[in-house]
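Source file: final_0.tsv. Holds: TSV, C-alpha atoms.
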```
chain	number	residue	atom	x	y	z
F	191	MET	CA	10.53	-18.05	-0.36
F	192	THR	CA	8.60	-16.00	-2.92
F	193	MET	CA	5.27	-16.31	-4.68
F	194	GLN	CA	5.94	-16.89	-8.37
F	195	LEU	CA	4.47	-14.29	-10.69
F	196	PRO	CA	2.40	-15.72	-13.55
F	197	GLN	CA	4.43	-16.70	-16.63
F	198	GLN	CA	1.40	-17.57	-18.78
F	199	PRO	CA	-2.12	-16.18	-19.31
F	200	VAL	CA	-4.01	-16.22	-16.04
F	201	ALA	CA	-7.27	-18.05	-15.53
F	202	GLN	CA	-10.44	-16.08	-16.09
F	203	VAL	CA	-12.00	-14.84	-12.85
F	204	GLN	CA	-15.71	-15.57	-12.75
F	205	MET	CA	-18.09	-13.17	-11.00
F	206	PRO	CA	-20.93	-15.13	-9.31
F	207	THR	CA	-24.39	-13.88	-10.23
F	208	LEU	CA	-25.39	-13.94	-6.57
F	209	ALA	CA	-22.56	-11.52	-5.76
F	210	ILE	CA	-23.84	-9.05	-8.38
F	211	VAL	CA	-27.39	-9.40	-7.06
F	212	ALA	CA	-26.18	-8.89	-3.48
F	213	TRP	CA	-24.23	-5.78	-4.51
F	214	MET	CA	-27.21	-4.26	-6.33
F	215	THR	CA	-29.52	-5.12	-3.42
F	216	SER	CA	-27.21	-3.50	-0.88
F	217	GLU	CA	-26.98	-0.34	-3.03
F	218	ILE	CA	-30.77	-0.15	-3.35
F	219	PHE	CA	-31.17	-0.81	0.39
F	220	ALA	CA	-28.72	1.97	1.28
F	221	ILE	CA	-30.47	4.41	-1.08
F	222	ALA	CA	-33.88	3.51	0.39
F	223	ILE	CA	-32.60	4.04	3.94
F	224	ALA	CA	-31.07	7.37	2.88
F	225	ILE	CA	-34.27	8.64	1.26
F	226	GLY	CA	-36.52	7.38	4.03
F	227	GLY	CA	-34.27	8.71	6.78
F	228	ALA	CA	-34.00	12.14	5.18
F	229	TRP	CA	-37.76	12.50	4.93
F	230	TRP	CA	-38.32	11.08	8.43
F	231	LEU	CA	-35.98	13.68	9.94
F	232	ASP	CA	-38.08	16.30	8.11
F	233	PRO	CA	-35.88	19.43	8.18
F	234	PRO	CA	-37.77	22.75	8.47
F	235	ASP	CA	-39.06	24.51	5.36
F	236	SER	CA	-36.57	26.96	3.96
F	237	HIS	CA	-34.65	27.77	0.82
F	238	TRP	CA	-32.02	25.32	2.08
F	239	ARG	CA	-34.39	22.40	2.57
F	240	PRO	CA	-33.46	20.58	-0.69
F	241	LEU	CA	-29.76	20.85	0.11
F	242	ILE	CA	-30.32	19.72	3.71
F	243	LEU	CA	-32.33	16.71	2.50
F	244	LEU	CA	-29.60	15.87	0.01
F	245	ALA	CA	-26.86	16.16	2.65
F	246	ILE	CA	-28.77	14.00	5.16
F	247	GLY	CA	-29.52	11.40	2.50
F	248	LEU	CA	-25.88	11.29	1.37
F	249	ILE	CA	-24.62	10.86	4.94
F	250	LEU	CA	-27.12	8.07	5.66
F	251	TYR	CA	-26.23	6.34	2.39
F	252	LEU	CA	-22.50	6.39	3.14
F	253	VAL	CA	-23.09	5.19	6.70
F	254	MET	CA	-25.11	2.20	5.45
F	255	ILE	CA	-22.47	1.31	2.84
F	256	PHE	CA	-19.77	1.56	5.50
F	257	LEU	CA	-21.70	-0.76	7.85
F	258	ILE	CA	-22.26	-3.31	5.07
F	259	LEU	CA	-18.55	-3.21	4.16
F	260	ARG	CA	-17.54	-3.71	7.78
F	261	LEU	CA	-19.88	-6.68	8.07
F	262	LEU	CA	-18.43	-8.27	4.94
F	263	ILE	CA	-14.87	-7.63	6.13
F	264	SER	CA	-15.59	-9.32	9.46
F	265	ARG	CA	-16.77	-12.42	7.58
F	266	LEU	CA	-13.86	-12.39	5.12
F	267	GLN	CA	-11.35	-12.52	7.97
F	268	ARG	CA	-12.03	-16.27	8.03
F	269	MET	CA	-10.78	-16.76	4.46
F	270	PRO	CA	-7.40	-18.54	4.57
F	271	ASP	CA	-4.39	-17.50	2.51
F	272	GLY	CA	-4.21	-19.21	-0.86
F	273	PRO	CA	-6.51	-19.60	-3.87
F	274	VAL	CA	-9.85	-17.81	-3.75
F	275	PRO	CA	-12.64	-20.42	-3.68
F	276	ARG	CA	-14.26	-20.87	-7.09
F	277	SER	CA	-17.71	-21.29	-5.53
F	278	GLY	CA	-19.47	-21.21	-2.20
F	279	SER	CA	-20.40	-18.56	0.33
F	280	LEU	CA	-16.87	-17.16	0.78
F	281	LYS	CA	-16.53	-16.62	-2.97
F	282	ILE	CA	-19.85	-14.75	-3.05
F	283	LEU	CA	-18.92	-12.63	-0.01
F	284	TYR	CA	-15.49	-11.87	-1.49
F	285	GLU	CA	-16.86	-10.68	-4.84
F	286	TRP	CA	-19.71	-8.80	-3.13
F	287	TYR	CA	-17.16	-6.98	-0.99
F	288	ARG	CA	-14.98	-6.17	-4.01
F	289	LEU	CA	-17.89	-4.67	-5.93
F	290	LEU	CA	-18.80	-2.40	-3.03
F	291	ALA	CA	-15.18	-1.53	-2.23
F	292	CYS	CA	-14.43	-0.74	-5.88
F	293	TYR	CA	-16.94	2.12	-5.85
F	294	HIS	CA	-16.91	3.30	-2.25
F	295	GLN	CA	-13.71	2.31	-0.44
F	296	TRP	CA	-10.81	2.00	-2.87
F	297	PRO	CA	-11.29	5.47	-4.45
F	298	LEU	CA	-10.60	7.00	-1.02
F	299	LEU	CA	-7.71	4.68	-0.25
F	300	VAL	CA	-5.95	5.21	-3.59
F	301	SER	CA	-6.62	8.94	-3.91
F	302	ASN	CA	-3.84	11.48	-3.51
F	303	VAL	CA	-6.38	14.21	-2.76
F	304	LEU	CA	-6.66	13.35	0.94
F	305	PRO	CA	-3.83	14.54	3.21
F	306	VAL	CA	-1.81	11.79	4.90
F	307	PRO	CA	-3.41	12.10	8.39
F	308	VAL	CA	-6.90	11.86	6.87
F	309	ARG	CA	-5.88	8.94	4.64
F	310	THR	CA	-4.51	7.18	7.71
F	311	LEU	CA	-7.85	7.58	9.49
F	312	VAL	CA	-9.77	6.35	6.44
F	313	ALA	CA	-7.51	3.28	6.24
F	314	ARG	CA	-8.13	2.51	9.93
F	315	TRP	CA	-11.90	2.96	9.61
F	316	SER	CA	-11.89	0.73	6.54
F	317	GLY	CA	-10.37	-2.19	8.46
F	318	MET	CA	-6.61	-1.82	7.96
F	319	ARG	CA	-4.71	-2.54	11.18
F	320	LEU	CA	-2.35	0.37	11.78
F	321	GLY	CA	-0.33	0.70	14.98
F	322	LYS	CA	0.01	3.86	17.03
F	323	GLY	CA	2.10	6.55	15.35
F	324	THR	CA	1.96	4.98	11.88
F	325	LEU	CA	1.36	7.28	8.92
F	326	MET	CA	-0.29	5.80	5.83
F	327	GLY	CA	0.63	7.85	2.78
F	328	GLY	CA	0.26	4.96	0.37
F	329	ARG	CA	-2.60	3.21	-1.38
F	330	ALA	CA	-4.20	0.03	-0.16
F	331	MET	CA	-6.46	-2.67	-1.55
F	332	ASP	CA	-7.79	-5.58	0.52
F	333	VAL	CA	-7.28	-3.57	3.71
F	334	HIS	CA	-8.65	-6.38	5.88
F	335	TRP	CA	-5.57	-8.49	5.02
F	336	ILE	CA	-3.02	-5.79	5.85
F	337	SER	CA	-1.58	-5.15	9.31
F	338	CYS	CA	1.13	-2.66	10.17
F	339	GLY	CA	2.91	-2.10	13.48
F	340	ARG	CA	3.72	1.06	15.39
F	341	ASN	CA	5.64	4.14	14.23
F	342	CYS	CA	5.84	3.11	10.58
F	343	VAL	CA	6.07	5.53	7.68
F	344	ILE	CA	4.48	4.50	4.38
F	345	GLY	CA	5.46	6.84	1.57
F	346	LEU	CA	3.20	8.45	-1.00
F	347	ASP	CA	1.86	6.16	-3.72
F	348	ALA	CA	3.22	3.01	-2.07
F	349	LEU	CA	0.78	0.27	-3.09
F	350	PHE	CA	-0.40	-2.70	-1.01
F	351	SER	CA	-2.40	-5.48	-2.63
F	352	GLY	CA	-3.62	-8.59	-0.83
F	353	HIS	CA	-4.62	-10.38	-4.04
F	354	LEU	CA	-2.77	-11.54	-7.15
F	355	LEU	CA	-3.83	-13.33	-10.33
F	356	GLN	CA	-2.02	-16.60	-10.96
F	357	PRO	CA	-2.30	-19.09	-13.85
F	358	ASP	CA	-4.65	-21.23	-11.75
F	359	GLY	CA	-6.82	-18.32	-10.61
F	360	GLU	CA	-6.80	-15.58	-8.00
F	361	HIS	CA	-4.76	-15.93	-4.80
F	362	VAL	CA	-4.97	-13.91	-1.59
F	363	ALA	CA	-2.50	-13.63	1.29
F	364	ARG	CA	-2.06	-11.38	4.28
F	365	ILE	CA	0.57	-8.64	4.44
F	366	VAL	CA	2.26	-8.23	7.83
F	367	ILE	CA	4.51	-5.28	8.65
F	368	GLY	CA	6.38	-4.88	11.93
F	369	ASP	CA	7.20	-1.79	14.00
F	370	ASN	CA	9.36	1.17	12.88
F	371	VAL	CA	9.29	0.13	9.23
F	372	LEU	CA	9.95	2.62	6.42
F	373	ILE	CA	8.38	1.95	3.03
F	374	GLY	CA	9.46	4.38	0.33
F	375	ALA	CA	7.22	6.22	-2.09
F	376	CYS	CA	5.85	4.24	-5.05
F	377	ALA	CA	6.94	0.89	-3.57
F	378	LYS	CA	4.76	-2.14	-4.38
F	379	ILE	CA	3.99	-4.70	-1.66
F	380	LEU	CA	2.34	-7.88	-2.98
F	381	PRO	CA	0.38	-10.60	-1.15
F	382	GLY	CA	2.02	-12.66	1.58
F	383	VAL	CA	4.87	-10.22	2.27
F	384	HIS	CA	6.23	-10.11	5.83
F	385	ILE	CA	8.47	-7.19	6.81
F	386	GLY	CA	10.35	-7.31	10.12
F	387	ASN	CA	10.84	-4.55	12.67
F	388	GLY	CA	13.02	-1.64	11.59
F	389	ALA	CA	13.31	-2.78	7.97
F	390	VAL	CA	13.43	-0.38	5.00
F	391	VAL	CA	11.97	-0.78	1.51
F	392	THR	CA	13.45	1.79	-0.85
F	393	ILE	CA	11.60	4.10	-3.24
F	394	GLY	CA	9.98	2.44	-6.25
F	395	SER	CA	10.77	-1.12	-5.17
F	396	MET	CA	8.54	-4.12	-5.86
F	397	VAL	CA	8.48	-6.76	-3.12
F	398	ARG	CA	7.33	-10.05	-4.66
F	399	GLY	CA	4.52	-12.03	-3.10
F	400	GLY	CA	5.52	-14.31	-0.26
F	401	THR	CA	8.81	-12.51	0.47
F	402	THR	CA	10.02	-12.23	4.06
F	403	ILE	CA	12.27	-9.26	4.87
F	404	PRO	CA	14.18	-9.86	8.14
F	405	PRO	CA	14.26	-7.16	10.83
F	406	GLY	CA	16.62	-4.24	10.26
F	407	GLU	CA	17.44	-5.02	6.63
F	408	THR	CA	17.18	-2.65	3.67
F	409	TRP	CA	15.66	-4.01	0.47
F	410	GLY	CA	15.22	-2.37	-2.91
F	411	GLY	CA	14.89	-2.95	-6.63
F	412	VAL	CA	12.47	-4.66	-9.00
F	413	PRO	CA	12.07	-7.28	-7.76
F	414	ALA	CA	13.36	-6.22	-4.35
F	415	ARG	CA	16.50	-7.83	-2.98
F	416	ARG	CA	18.66	-7.25	0.09
F	417	LEU	CA	20.79	-4.13	-0.22
F	418	LYS	CA	21.97	-3.86	3.37
F	419	SER	CA	22.02	-6.35	6.23
F	420	ALA	CA	20.91	-5.55	9.76
F	421	GLU	CA	23.54	-3.78	11.83
```
Go ahead and render the structure in this file as structure tokens.
Amino acid sequence: MTMQLPQQPVAQVQMPTLAIVAWMTSEIFAIAIAIGGAWWLDPPDSHWRPLILLAIGLILYLVMIFLILRLLISRLQRMPDGPVPRSGSLKILYEWYRLLACYHQWPLLVSNVLPVPVRTLVARWSGMRLGKGTLMGGRAMDVHWISCGRNCVIGLDALFSGHLLQPDGEHVARIVIGDNVLIGACAKILPGVHIGNGAVVTIGSMVRGGTTIPPGETWGGVPARRLKSAE
């Protein structure tokens, strides 16, 4: 069973005003905490004082943004798979999270500057469930809807996305990956994909939303299809 890709213009996604206000408020709050905290710590007078104040302020700012993101992620865990609500508190929280993540989280998770071990740590800290021994060399959006088992290898530039635009609006679905899975470089994993233990997704493949790959099978192509059955 696969999630059908849109065959006609998708519906326009509306950004609630309250989400924009909440995003701006959280940015201002984090900046205020950063400035106030830097001055409260009051580093000693020296030629380095301006740089020390700037470093302290930047660290406090990032810590506050991280805490706000984690709080939003914990609330968004309740959102069920399917269409994103067009109104209500979950819609506001979802868009608020996306605005913050767009500027502070996704640039780290989609950047090729960070080495793979560091990118793996950033993905874990951001809310992506990664089992012991898994290496995350890919890029991830909607990390709170992605879980990956133990001893997996995710190749460079592999992309995970927990959301997809459909003709009737935006849909979200969780991505679940088992143990000992290999995902090749530049592969695309769309919402609702389930990959069984020991499966392989070849380089450059695109796994359509809602696809289930049984354990031990090898899939590849655009869209991905079974290339090799489990032994």
*Between F:Val333, F:Val343, F:Ala375, F:Leu252, which has the minimum distance to Ser264 (chain F) (counting all atoms listed in the file)?*
F:Val333
*Find the spatial neighbours of Arg260 (chain F), counting all atoms listed in the file, within a cut-off of 10 Å - ignore same-chain residues fewer than 5 positions away - and output them as a PyMOL selection string.*
chain F and resi 254-255+265-266+287+315-317+334
*Write out as a PyMOL selection string which residues come within 7 Å of region 370-374 of chain F when counting all atoms listed in the file, dropping same-chain ones fewer than 3 positions away.*
chain F and resi 340-345+348+377+387-394
Quick one: contact table of region 325-377 of chain F to region 279-284 of chain F, 12 Å max, nearest atom pair and distance in Å to one decimal per residue, counting all atoms listed in the file, chain and number order, as a tab-separated table?
```
residue	atom	partner	partner_atom	distance
F:Asp332	CA	F:Tyr284	CA	10.1
F:His334	CA	F:Tyr284	CA	11.5
F:His353	CA	F:Tyr284	CA	11.3
F:Glu360	CA	F:Lys281	CA	11.0
F:His361	CA	F:Lys281	CA	11.9
F:Val362	CA	F:Tyr284	CA	10.7
```
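The smallest atom-to-atom distance between Thr324 (chain F) and any of F:Gly272, F:Pro357, F:Pro405, F:Gly368, using all atoms listed in the file, is found for F:Gly368.
When only C-alpha atoms are used to measure the gap to Val274 (chain F), the shortest distance among F:Leu262, F:Leu289, F:Leu355, F:Ile242 belongs to F:Leu355.
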